[in-house]
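Asker: Got protein-v8.cif for you, mmCIF, C-alpha atoms:
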data_target
#
loop_
_atom_site.label_atom_id
_atom_site.label_comp_id
_atom_site.auth_asym_id
_atom_site.auth_seq_id
_atom_site.Cartn_x
_atom_site.Cartn_y
_atom_site.Cartn_z
CA MET A 210 -16.28 -24.77 -25.38
CA THR A 211 -12.84 -24.42 -27.01
CA THR A 212 -12.05 -23.02 -30.43
CA GLU A 213 -10.42 -25.53 -32.75
CA GLY A 214 -6.64 -25.16 -32.72
CA LYS A 215 -6.68 -23.09 -29.57
CA GLU A 216 -6.38 -24.10 -25.95
CA ALA A 217 -8.99 -22.86 -23.50
CA PRO A 218 -7.49 -20.41 -21.00
CA GLU A 219 -6.91 -21.79 -17.55
CA GLN A 220 -9.63 -21.02 -15.05
CA GLY A 221 -9.72 -20.65 -11.27
CA VAL A 222 -6.56 -20.25 -9.21
CA PRO A 223 -4.17 -21.60 -11.92
CA GLY A 224 -5.61 -19.13 -14.43
CA GLU A 225 -5.28 -16.22 -12.04
CA VAL A 226 -1.72 -17.14 -11.13
CA SER A 227 -0.73 -17.38 -14.80
CA GLN A 228 -2.17 -13.91 -15.46
CA ASP A 229 -0.72 -12.23 -12.36
CA ARG A 230 2.79 -13.64 -12.26
CA PHE A 231 4.34 -11.70 -15.17
CA VAL A 232 4.81 -7.91 -15.11
CA ALA A 233 6.84 -6.24 -17.86
CA GLY A 234 8.38 -9.59 -18.71
CA GLN A 235 9.44 -10.20 -15.11
CA ASP A 236 8.28 -13.38 -13.39
CA LEU A 237 7.12 -12.42 -9.88
CA THR A 238 7.55 -16.02 -8.74
CA ARG A 239 11.31 -15.96 -9.44
CA TRP A 240 13.36 -14.60 -6.56
CA LYS A 241 16.80 -13.27 -7.48
CA THR A 242 18.16 -12.62 -4.00
CA PRO A 243 19.14 -15.14 -1.29
CA VAL A 244 16.63 -13.54 1.08
CA GLY A 245 13.87 -13.86 -1.49
CA ARG A 246 14.67 -17.50 -2.20
CA THR A 247 14.71 -18.22 1.52
CA LEU A 248 11.30 -16.59 1.91
CA ALA A 249 9.94 -18.64 -1.00
CA ARG A 250 11.21 -21.90 0.49
CA GLY A 251 9.76 -20.97 3.86
CA ALA A 252 6.42 -20.14 2.28
CA GLU A 253 6.33 -23.52 0.55
CA GLY A 254 7.05 -25.29 3.81
CA VAL A 255 4.36 -23.38 5.68
CA THR A 256 1.86 -24.04 2.90
CA LYS A 257 2.48 -27.78 3.00
CA LEU A 258 1.81 -27.81 6.74
CA LEU A 259 -1.01 -25.30 7.12
CA GLY A 260 -2.64 -24.78 3.73
CA PRO A 261 -2.39 -22.46 0.70
CA TYR A 262 -3.24 -19.20 2.46
CA ALA A 263 -1.12 -19.74 5.56
CA ALA A 264 2.06 -18.22 4.11
CA LEU A 265 0.13 -15.17 2.95
CA ILE A 266 -1.44 -14.62 6.36
CA ILE A 267 1.78 -15.23 8.30
CA THR A 268 3.72 -12.85 6.04
CA LEU A 269 1.14 -10.13 6.59
CA VAL A 270 1.09 -10.61 10.37
CA VAL A 271 4.89 -10.60 10.66
CA GLY A 272 5.07 -7.71 8.20
CA LEU A 273 2.61 -5.69 10.25
CA ALA A 274 4.80 -6.19 13.31
CA VAL A 275 7.80 -5.00 11.29
CA ALA A 276 5.85 -1.98 10.02
CA LEU A 277 4.80 -1.06 13.56
CA SER A 278 8.42 -1.35 14.65
CA LEU A 279 9.38 0.88 11.75
CA ALA A 280 6.78 3.42 12.85
CA TRP A 281 8.30 3.39 16.34
CA VAL A 282 11.80 3.90 14.88
CA PHE A 283 10.58 6.80 12.76
CA GLY A 284 8.92 8.31 15.80
CA GLU A 285 12.14 8.13 17.77
CA VAL A 286 14.19 9.51 14.89
CA TYR A 287 11.82 12.41 14.28
CA GLU A 288 11.68 13.20 17.97
CA SER A 289 15.47 13.41 18.03
CA VAL A 290 15.51 15.43 14.82
CA THR A 291 12.94 17.83 16.24
CA GLU A 292 15.00 18.36 19.34
CA ALA A 293 18.13 18.88 17.24
CA ASP A 294 16.24 21.17 14.84
CA GLY A 295 17.44 19.10 11.86
CA VAL A 296 15.02 18.09 9.12
CA ALA A 297 12.22 19.22 11.42
CA GLY A 298 13.59 22.71 10.91
CA LEU A 299 11.65 22.57 7.64
CA ASP A 300 8.33 22.24 9.44
CA HIS A 301 7.79 25.88 10.35
CA PRO A 302 9.17 27.39 7.10
CA VAL A 303 7.00 25.07 5.00
CA LEU A 304 3.90 25.88 7.06
CA ASP A 305 4.68 29.59 6.75
CA ALA A 306 5.03 29.19 2.98
CA ALA A 307 1.66 27.41 2.82
CA LYS A 308 -0.01 30.16 4.84
CA SER A 309 1.38 32.79 2.48
CA VAL A 310 -0.43 31.34 -0.56
CA ARG A 311 -3.79 30.62 1.07
CA SER A 312 -7.01 32.11 -0.24
CA PRO A 313 -10.68 31.35 0.50
CA ALA A 314 -11.19 29.61 -2.85
CA VAL A 315 -8.05 27.48 -2.59
CA ASP A 316 -8.76 26.69 1.07
CA ALA A 317 -12.22 25.37 0.17
CA ALA A 318 -10.88 23.33 -2.76
CA VAL A 319 -8.06 21.76 -0.73
CA THR A 320 -10.41 21.01 2.18
CA ALA A 321 -12.81 19.23 -0.21
CA TYR A 322 -9.90 17.29 -1.70
CA THR A 323 -8.41 16.26 1.65
CA ASN A 324 -11.83 14.95 2.73
CA ILE A 325 -11.48 12.33 -0.01
CA GLY A 326 -8.64 10.81 2.00
CA GLY A 327 -10.48 11.04 5.33
CA THR A 328 -12.16 8.47 7.52
CA VAL A 329 -15.32 8.57 5.38
CA GLY A 330 -14.13 9.31 1.87
CA MET A 331 -11.22 6.88 1.65
CA PRO A 332 -13.10 3.77 2.85
CA ILE A 333 -15.95 4.46 0.42
CA ILE A 334 -13.57 4.86 -2.50
CA ALA A 335 -11.48 1.84 -1.47
CA VAL A 336 -14.50 -0.45 -1.11
CA GLY A 337 -15.89 0.72 -4.45
CA ILE A 338 -12.60 0.01 -6.25
CA MET A 339 -12.23 -3.29 -4.41
CA ILE A 340 -15.66 -4.50 -5.51
CA PHE A 341 -15.02 -3.36 -9.10
CA LEU A 342 -11.67 -5.15 -9.32
CA ALA A 343 -12.95 -8.30 -7.62
CA THR A 344 -15.93 -8.46 -9.98
CA LYS A 345 -13.84 -7.76 -13.06
CA ARG A 346 -11.25 -10.38 -12.13
CA ARG A 347 -13.80 -12.80 -10.65
CA SER A 348 -11.35 -13.29 -7.83
CA TRP A 349 -10.99 -12.69 -4.10
CA THR A 350 -7.42 -11.43 -4.56
CA PRO A 351 -8.35 -7.70 -4.68
CA VAL A 352 -10.50 -8.14 -1.58
CA ILE A 353 -7.76 -9.87 0.38
CA LEU A 354 -4.96 -7.51 -0.63
CA MET A 355 -6.92 -4.28 -0.25
CA LEU A 356 -8.35 -5.28 3.12
CA ALA A 357 -4.90 -6.31 4.32
CA ALA A 358 -3.33 -3.09 3.07
CA GLY A 359 -6.07 -0.82 4.40
CA LEU A 360 -6.49 -2.47 7.79
CA GLY A 361 -2.74 -2.61 8.29
CA SER A 362 -2.30 1.11 7.62
CA LEU A 363 -5.23 1.85 9.91
CA VAL A 364 -3.69 -0.18 12.74
CA ILE A 365 -0.35 1.60 12.30
CA THR A 366 -2.09 4.99 12.42
CA ILE A 367 -4.26 4.16 15.43
CA LEU A 368 -1.39 2.72 17.46
CA GLY A 369 1.19 5.26 16.33
CA LYS A 370 -0.66 8.43 17.33
CA PRO A 371 -1.09 7.78 21.07
CA ILE A 372 2.39 6.31 21.39
CA PHE A 373 4.11 9.50 20.29
CA GLY A 374 1.42 12.08 20.97
CA ARG A 375 3.07 14.69 18.79
CA THR A 376 1.26 18.03 18.86
CA ARG A 377 -0.29 19.36 15.65
CA PRO A 378 0.40 22.91 14.44
CA ASP A 379 -1.43 25.58 16.42
CA LEU A 380 -5.12 25.95 15.63
CA ALA A 381 -4.40 29.58 14.77
CA ASP A 382 -2.30 28.29 11.84
CA ALA A 383 -4.87 25.71 10.68
CA ILE A 384 -7.92 25.90 8.49
CA PRO A 385 -11.16 24.50 9.96
CA PRO A 386 -12.58 22.00 10.52
CA TYR A 387 -9.94 21.45 13.17
CA GLU A 388 -8.52 18.09 14.21
CA HIS A 389 -7.39 17.26 17.73
CA SER A 390 -5.78 13.82 17.56
CA ALA A 391 -2.00 13.45 17.69
CA SER A 392 -0.08 14.60 14.64
CA PHE A 393 2.32 11.70 14.04
CA PRO A 394 1.93 9.89 11.71
CA SER A 395 -0.38 11.58 9.20
CA GLY A 396 -3.23 9.12 8.71
CA HIS A 397 -4.34 10.73 5.44
CA SER A 398 -0.82 10.45 4.02
CA LEU A 399 -0.26 6.88 5.21
CA ASN A 400 -3.62 5.52 4.10
CA SER A 401 -3.62 7.28 0.74
CA ILE A 402 -0.21 5.99 -0.29
CA VAL A 403 -1.07 2.44 0.80
CA ILE A 404 -4.48 2.31 -0.89
CA ALA A 405 -3.32 4.07 -4.06
CA GLY A 406 -0.27 1.83 -4.16
CA ILE A 407 -2.12 -1.47 -3.80
CA VAL A 408 -4.75 -0.42 -6.36
CA ALA A 409 -1.97 0.51 -8.80
CA TYR A 410 -0.29 -2.85 -8.16
CA LEU A 411 -3.48 -4.81 -8.81
CA ILE A 412 -4.11 -2.89 -12.03
CA ILE A 413 -0.51 -3.20 -13.25
CA LEU A 414 -0.68 -6.99 -12.89
CA ARG A 415 -3.08 -7.07 -15.84
CA LEU A 416 -1.70 -4.23 -17.98
CA LYS A 417 0.20 -5.13 -21.15
CA THR A 418 1.96 -1.91 -22.16
CA VAL A 419 4.69 0.16 -20.53
CA ARG A 420 2.75 3.35 -21.22
CA ALA A 421 -0.30 2.09 -19.33
CA ARG A 422 1.83 1.00 -16.38
CA VAL A 423 3.66 4.35 -16.23
CA ILE A 424 0.35 6.25 -16.31
CA THR A 425 -1.06 4.06 -13.54
CA VAL A 426 1.95 4.54 -11.27
CA THR A 427 2.04 8.27 -11.97
CA LEU A 428 -1.64 8.75 -11.10
CA ALA A 429 -1.23 6.79 -7.86
CA ALA A 430 1.88 8.77 -6.91
CA VAL A 431 0.26 12.12 -7.69
CA PHE A 432 -2.77 11.23 -5.57
CA ALA A 433 -0.66 10.15 -2.59
CA ILE A 434 1.72 13.13 -2.80
CA THR A 435 -0.97 15.76 -3.19
CA MET A 436 -3.04 14.21 -0.40
CA GLY A 437 -0.08 14.43 1.96
CA LEU A 438 0.80 17.99 0.95
CA SER A 439 -2.83 19.04 1.41
CA ARG A 440 -2.45 18.20 5.10
CA VAL A 441 0.50 20.56 5.38
CA TYR A 442 -1.25 23.30 3.42
CA LEU A 443 -4.26 23.16 5.75
CA GLY A 444 -2.03 23.29 8.83
CA HIS A 445 -3.29 19.94 10.09
CA HIS A 446 0.12 18.25 10.04
CA TRP A 447 3.79 19.09 10.04
CA LEU A 448 5.79 18.22 6.92
CA THR A 449 7.76 15.62 8.87
CA ASP A 450 4.52 13.85 9.87
CA VAL A 451 3.76 13.44 6.17
CA LEU A 452 7.29 12.38 5.19
CA ALA A 453 7.32 9.71 7.89
CA ALA A 454 3.85 8.49 6.91
CA TRP A 455 4.95 8.10 3.29
CA ALA A 456 8.01 6.09 4.33
CA ILE A 457 6.00 3.82 6.64
CA GLY A 458 3.29 3.42 4.01
CA ILE A 459 5.79 2.37 1.34
CA ALA A 460 7.28 -0.17 3.75
CA TRP A 461 3.85 -1.66 4.56
CA LEU A 462 2.93 -1.69 0.87
CA ALA A 463 6.14 -3.62 0.14
CA VAL A 464 5.13 -6.18 2.78
CA VAL A 465 1.68 -6.70 1.24
CA ILE A 466 3.12 -7.05 -2.27
CA THR A 467 5.77 -9.48 -1.02
CA ALA A 468 3.07 -11.57 0.64
CA HIS A 469 1.18 -11.74 -2.65
CA ARG A 470 4.33 -12.69 -4.54
CA LEU A 471 4.94 -15.53 -2.09
CA TYR A 472 1.36 -16.68 -2.60
CA LEU A 473 1.85 -16.65 -6.38
CA THR A 474 5.15 -18.51 -6.01
CA VAL A 475 3.67 -21.29 -3.90
CA ARG A 476 0.63 -21.65 -6.16
CA ALA A 477 2.70 -21.65 -9.36
CA ARG A 478 5.12 -24.30 -8.08
CA HIS A 479 2.29 -26.45 -6.76
CA HIS A 480 0.48 -26.25 -10.10
CA ALA A 481 3.67 -27.07 -12.02
CA SER A 482 4.30 -30.07 -9.77
CA ALA A 483 0.70 -31.30 -10.07
CA THR A 484 0.70 -31.12 -13.87
CA THR A 485 4.07 -32.82 -14.34
CA ALA A 486 3.70 -36.33 -15.72
CA PRO A 487 4.80 -39.09 -13.31
CA GLY A 488 7.59 -40.15 -15.64
CA GLU A 489 8.95 -36.61 -15.78
CA ARG A 490 9.23 -36.10 -12.03
#
Starting from the file, lay out its structure as C-alpha cells.
Answerer:
Amino acid sequence: MTTEGKEAPEQGVPGEVSQDRFVAGQDLTRWKTPVGRTLARGAEGVTKLLGPYAALIITLVVGLAVALSLAWVFGEVYESVTEADGVAGLDHPVLDAAKSVRSPAVDAAVTAYTNIGGTVGMPIIAVGIMIFLATKRRSWTPVILMLAAGLGSLVITILGKPIFGRTRPDLADAIPPYEHSASFPSGHSLNSIVIAGIVAYLIILRLKTVRARVITVTLAAVFAITMGLSRVYLGHHWLTDVLAAWAIGIAWLAVVITAHRLYLTVRARHHASATTAPGER
C-alpha cells in the first residue's frame, strides 16, 4: 500500500542498489579513473554473457590471486629486510618493550582479548554480525561479501604461512598458550582487519551522517590495530608480521569492495536501461 502523494520505495535488487550506491554524497557506481571505467565496462560485458553475479565472482577470484601475489611479494621484501636488518630491526626492540610492561593481570586481559580474533572467536562473531546485517537488510549482500572477505583472508593466511615458514619469537619470550605455526603473516591481524573493514563498509552504506561514519570507521580501526598489537605484546608474532598482515588485509578488503561496487554499477545501469521508455532510448 502506498501513501497518497508519496511513491513506494523500491523493493528487491533495485531498492537495495538505490540504498547502497551513495555514500557521503558520492555515487559508488561512477568511476572517475580510466582504470575504474575500464573495469565497469568489462563487468557489464561479463554480466551480459554470464549473468548478474559473474562479474562479482570473477573480480573476487582474480583479486584473490592478486592478494596472494601481494602476500608473496611482502614475504620476499620482509625476508630481505630481515637479512639487511632494516625495518625488521624494530622487531626485537618492540618485543623487548612489550616484555617490560607485562604483568599477570594485563597478560590475562590481553590473552582473553586476542582470543576474540582467534580461530573460534572471530568466526562466531563474524557469523553473528553477518546474520544480523542480512536479516536487517533482508538481503544476501552481507552474506556474500562477508563470506568472500573472510574466506579470502583465511586462504591467504593458510597458504602464506607454509610458503615462508618464518619462525615466531622464542617461546621463552611468549605468553602461553603457545602457538607453533609459522609466524608470517599474522592470521589474527589479517582476519581482524578484513572482517572489521567489511563490516564497517556494510554499515557505512546505510549511515546518513558524517559523525556516524567516522565513529564506525574509528571503531573498526581500533579493533584491528589493537588485535594486531596484542599479538606482539604476547610474543606470538613479530611486529613486521603484523604490519605485513595489515597491508595485505587492506589490499584484499579493497578488492572485495571494488567487486561490490562493480556489482552495484552493473545493476544500476541495467535498471536504468530497463526503466527507460522506448522513445527515450
Asker: Looking at only C-alpha atoms, which of A:Ala456, A:Leu279, A:Leu411, A:Leu259 is the one that sits closest to Trp349 (chain A)?
Answerer: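 The answer is A:Leu411, which sits nearest to Trp349 (chain A).
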Asker: Taking (-0.2, 9.9, 8.2) in the file's coordinates, which residues come within 7 Å, counting only C-alpha atoms, written as an MDAnalysis selection string?
Answerer: chainID A and resid 366 393:400 450:451 454
Asker: With all atoms listed in the file as the counted atoms, please give the residues lying no more than 8 Å from Ala358 (chain A), apart from itself and same-chain residues fewer than 4 positions off, as a short mmCIF file (atom, residue, chain, number, x, y, z; two decimals) with C-alpha atoms, in the coordinates of the input.
Answerer:
data_model
loop_
_atom_site.label_atom_id
_atom_site.label_comp_id
_atom_site.auth_asym_id
_atom_site.auth_seq_id
_atom_site.Cartn_x
_atom_site.Cartn_y
_atom_site.Cartn_z
CA LEU A 354 -4.96 -7.51 -0.63
CA SER A 362 -2.30 1.11 7.62
CA VAL A 403 -1.07 2.44 0.80
CA ILE A 404 -4.48 2.31 -0.89
CA ILE A 407 -2.12 -1.47 -3.80
CA TRP A 461 3.85 -1.66 4.56
CA LEU A 462 2.93 -1.69 0.87
CA VAL A 465 1.68 -6.70 1.24
#
Asker: Evaluate the PyMOL selection byres ((chain A and resi 334-338) around 10) and record the selected residues as a compact mmCIF listing (two decimals) with C-alpha atoms, in the coordinates of the input, following the chain and residue labels used in the document.
Answerer:
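Saved file expr_20.txt follows:
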# COMPACT_ATOMS: atom_id res chain seq x y z
CA ILE A 325 -11.48 12.33 -0.01
CA GLY A 326 -8.64 10.81 2.00
CA VAL A 329 -15.32 8.57 5.38
CA GLY A 330 -14.13 9.31 1.87
CA MET A 331 -11.22 6.88 1.65
CA PRO A 332 -13.10 3.77 2.85
CA ILE A 333 -15.95 4.46 0.42
CA MET A 339 -12.23 -3.29 -4.41
CA ILE A 340 -15.66 -4.50 -5.51
CA PHE A 341 -15.02 -3.36 -9.10
CA LEU A 342 -11.67 -5.15 -9.32
CA ALA A 343 -12.95 -8.30 -7.62
CA THR A 344 -15.93 -8.46 -9.98
CA PRO A 351 -8.35 -7.70 -4.68
CA VAL A 352 -10.50 -8.14 -1.58
CA MET A 355 -6.92 -4.28 -0.25
CA LEU A 356 -8.35 -5.28 3.12
CA GLY A 359 -6.07 -0.82 4.40
CA SER A 401 -3.62 7.28 0.74
CA ILE A 404 -4.48 2.31 -0.89
CA ALA A 405 -3.32 4.07 -4.06
CA VAL A 408 -4.75 -0.42 -6.36
Asker: Residue by residue, what does the PyMOL selection byres ((chain A and resi 239-246) around 12) grab here? Present the result as a PyMOL selection string.
Answerer: chain A and resi 230-232+234-238+247-253+467-468+470-471+473-475+477-478
Asker: How many Å separate CA of Lys345 (chain A) from CA of Arg420 (chain A)?
Answerer: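 One can read the CA of Lys345 (chain A) to CA of Arg420 (chain A) distance as 21.6 Å.
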Asker: Tell me which residues the PyMOL selection byres ((chain A and resi 386) around 12) grabs here, as a PyMOL selection string.
Answerer: chain A and resi 316-317+320-321+323-324+380-381+383-385+387-389+443-445
Asker: Which of these residues is nearest to Thr435 (chain A), using all atoms listed in the file: A:Val319, A:Pro302, A:Ser392, A:Ile372?
Answerer: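 Closest residue, counting all atoms listed in the file: A:Val319.
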Asker: Which residue gives the smallest distance to Lys308 (chain A) among A:Ile459, A:Asp382, A:Thr425, A:Thr418, with all atoms listed in the file counted?
Answerer: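 The answer is A:Asp382, which sits nearest to Lys308 (chain A).
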Asker: Hey, which of A:Ala318, A:Ala263, A:Ala409, A:Leu277 ends up closest to Val464 (chain A)? Count all atoms listed in the file.
Answerer: A:Leu277
Asker: Rounded to one decimal, what separation in Å do you get between CA of Gly458 (chain A) and CA of Leu269 (chain A)?
Answerer: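 Atom-to-atom, CA of Gly458 (chain A) to CA of Leu269 (chain A), that is 14.0 Å.
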Asker: With only C-alpha atoms as the atoms that count, which of A:Arg347, A:Lys417, A:Lys257, A:Arg377 lies nearest to Val441 (chain A)?
Answerer: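 Of A:Arg347, A:Lys417, A:Lys257, A:Arg377, the one nearest Val441 (chain A), counting only C-alpha atoms, is A:Arg377.
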Asker: Measuring between only C-alpha atoms, which one of A:Pro371, A:Gly437, A:Pro313, A:Gly272 shows the shortest distance to Gly327 (chain A)?
Answerer: A:Gly437
Asker: To one decimal in Å, tell me the separation between CA of Leu360 (chain A) and CA of Ile413 (chain A).
Answerer: 21.9 Å
Asker: I'd like the contact shell of Asp229 (chain A) - 7 Å cut-off, all atoms listed in the file, skipping same-chain residues fewer than 3 positions apart - returned as number ranges by chain.
Answerer: A: 225-226, 414-415
Asker: Give me the residues near Ser278 (chain A) as a VMD selection string, where near means some atom within 12 Å (using all atoms listed in the file) and where sequence neighbours in that chain fewer than 6 positions away do not count.
Answerer: chain A and resid 271 to 272 284 to 285 365 368 to 369 372 457 460 to 461
Asker: Next, write the just-selected residues to a file, as an mmCIF file, keeping the file's coordinate frame, keeping C-alpha atoms as the atom set.
Answerer:
data_model
loop_
_atom_site.group_PDB
_atom_site.id
_atom_site.type_symbol
_atom_site.label_atom_id
_atom_site.label_comp_id
_atom_site.auth_asym_id
_atom_site.auth_seq_id
_atom_site.Cartn_x
_atom_site.Cartn_y
_atom_site.Cartn_z
ATOM 1 C CA VAL A 271 4.890 -10.600 10.660
ATOM 2 C CA GLY A 272 5.070 -7.710 8.200
ATOM 3 C CA GLY A 284 8.920 8.310 15.800
ATOM 4 C CA GLU A 285 12.140 8.130 17.770
ATOM 5 C CA ILE A 365 -0.350 1.600 12.300
ATOM 6 C CA LEU A 368 -1.390 2.720 17.460
ATOM 7 C CA GLY A 369 1.190 5.260 16.330
ATOM 8 C CA ILE A 372 2.390 6.310 21.390
ATOM 9 C CA ILE A 457 6.000 3.820 6.640
ATOM 10 C CA ALA A 460 7.280 -0.170 3.750
ATOM 11 C CA TRP A 461 3.850 -1.660 4.560
#
Asker: Mind filling out region 400-418 of chain A with N, CA and C atoms and sending it as a CSV table (one decimal), in the frame of the given file?
Answerer:
chain,number,residue,atom,x,y,z
A,400,ASN,N,-2.6,6.3,4.7
A,400,ASN,CA,-3.6,5.5,4.1
A,400,ASN,C,-3.7,5.8,2.6
A,401,SER,N,-3.5,7.0,2.2
A,401,SER,CA,-3.6,7.3,0.7
A,401,SER,C,-2.5,6.6,-0.1
A,402,ILE,N,-1.3,6.6,0.5
A,402,ILE,CA,-0.2,6.0,-0.3
A,402,ILE,C,-0.3,4.5,-0.3
A,403,VAL,N,-0.9,3.9,0.8
A,403,VAL,CA,-1.1,2.4,0.8
A,403,VAL,C,-2.2,2.0,-0.1
A,404,ILE,N,-3.3,2.7,-0.1
A,404,ILE,CA,-4.5,2.3,-0.9
A,404,ILE,C,-4.2,2.6,-2.4
A,405,ALA,N,-3.7,3.8,-2.7
A,405,ALA,CA,-3.3,4.1,-4.1
A,405,ALA,C,-2.3,3.1,-4.6
A,406,GLY,N,-1.3,2.7,-3.7
A,406,GLY,CA,-0.3,1.8,-4.2
A,406,GLY,C,-0.8,0.4,-4.4
A,407,ILE,N,-1.6,-0.1,-3.6
A,407,ILE,CA,-2.1,-1.5,-3.8
A,407,ILE,C,-3.1,-1.5,-5.0
A,408,VAL,N,-3.9,-0.5,-5.2
A,408,VAL,CA,-4.8,-0.4,-6.4
A,408,VAL,C,-3.9,-0.4,-7.6
A,409,ALA,N,-2.9,0.4,-7.6
A,409,ALA,CA,-2.0,0.5,-8.8
A,409,ALA,C,-1.3,-0.9,-9.1
A,410,TYR,N,-0.9,-1.5,-8.0
A,410,TYR,CA,-0.3,-2.8,-8.2
A,410,TYR,C,-1.3,-3.8,-8.8
A,411,LEU,N,-2.5,-3.9,-8.3
A,411,LEU,CA,-3.5,-4.8,-8.8
A,411,LEU,C,-3.8,-4.5,-10.3
A,412,ILE,N,-3.8,-3.3,-10.6
A,412,ILE,CA,-4.1,-2.9,-12.0
A,412,ILE,C,-2.9,-3.2,-12.9
A,413,ILE,N,-1.7,-2.9,-12.5
A,413,ILE,CA,-0.5,-3.2,-13.2
A,413,ILE,C,-0.3,-4.7,-13.6
A,414,LEU,N,-0.8,-5.5,-12.7
A,414,LEU,CA,-0.7,-7.0,-12.9
A,414,LEU,C,-1.3,-7.4,-14.2
A,415,ARG,N,-2.3,-6.7,-14.6
A,415,ARG,CA,-3.1,-7.1,-15.8
A,415,ARG,C,-2.8,-6.2,-17.0
A,416,LEU,N,-2.0,-5.1,-16.9
A,416,LEU,CA,-1.7,-4.2,-18.0
A,416,LEU,C,-0.6,-4.8,-18.9
A,417,LYS,N,-0.7,-4.5,-20.2
A,417,LYS,CA,0.2,-5.1,-21.2
A,417,LYS,C,1.2,-4.2,-21.7
A,418,THR,N,1.0,-2.9,-21.6
A,418,THR,CA,2.0,-1.9,-22.2
A,418,THR,C,2.7,-1.1,-21.1
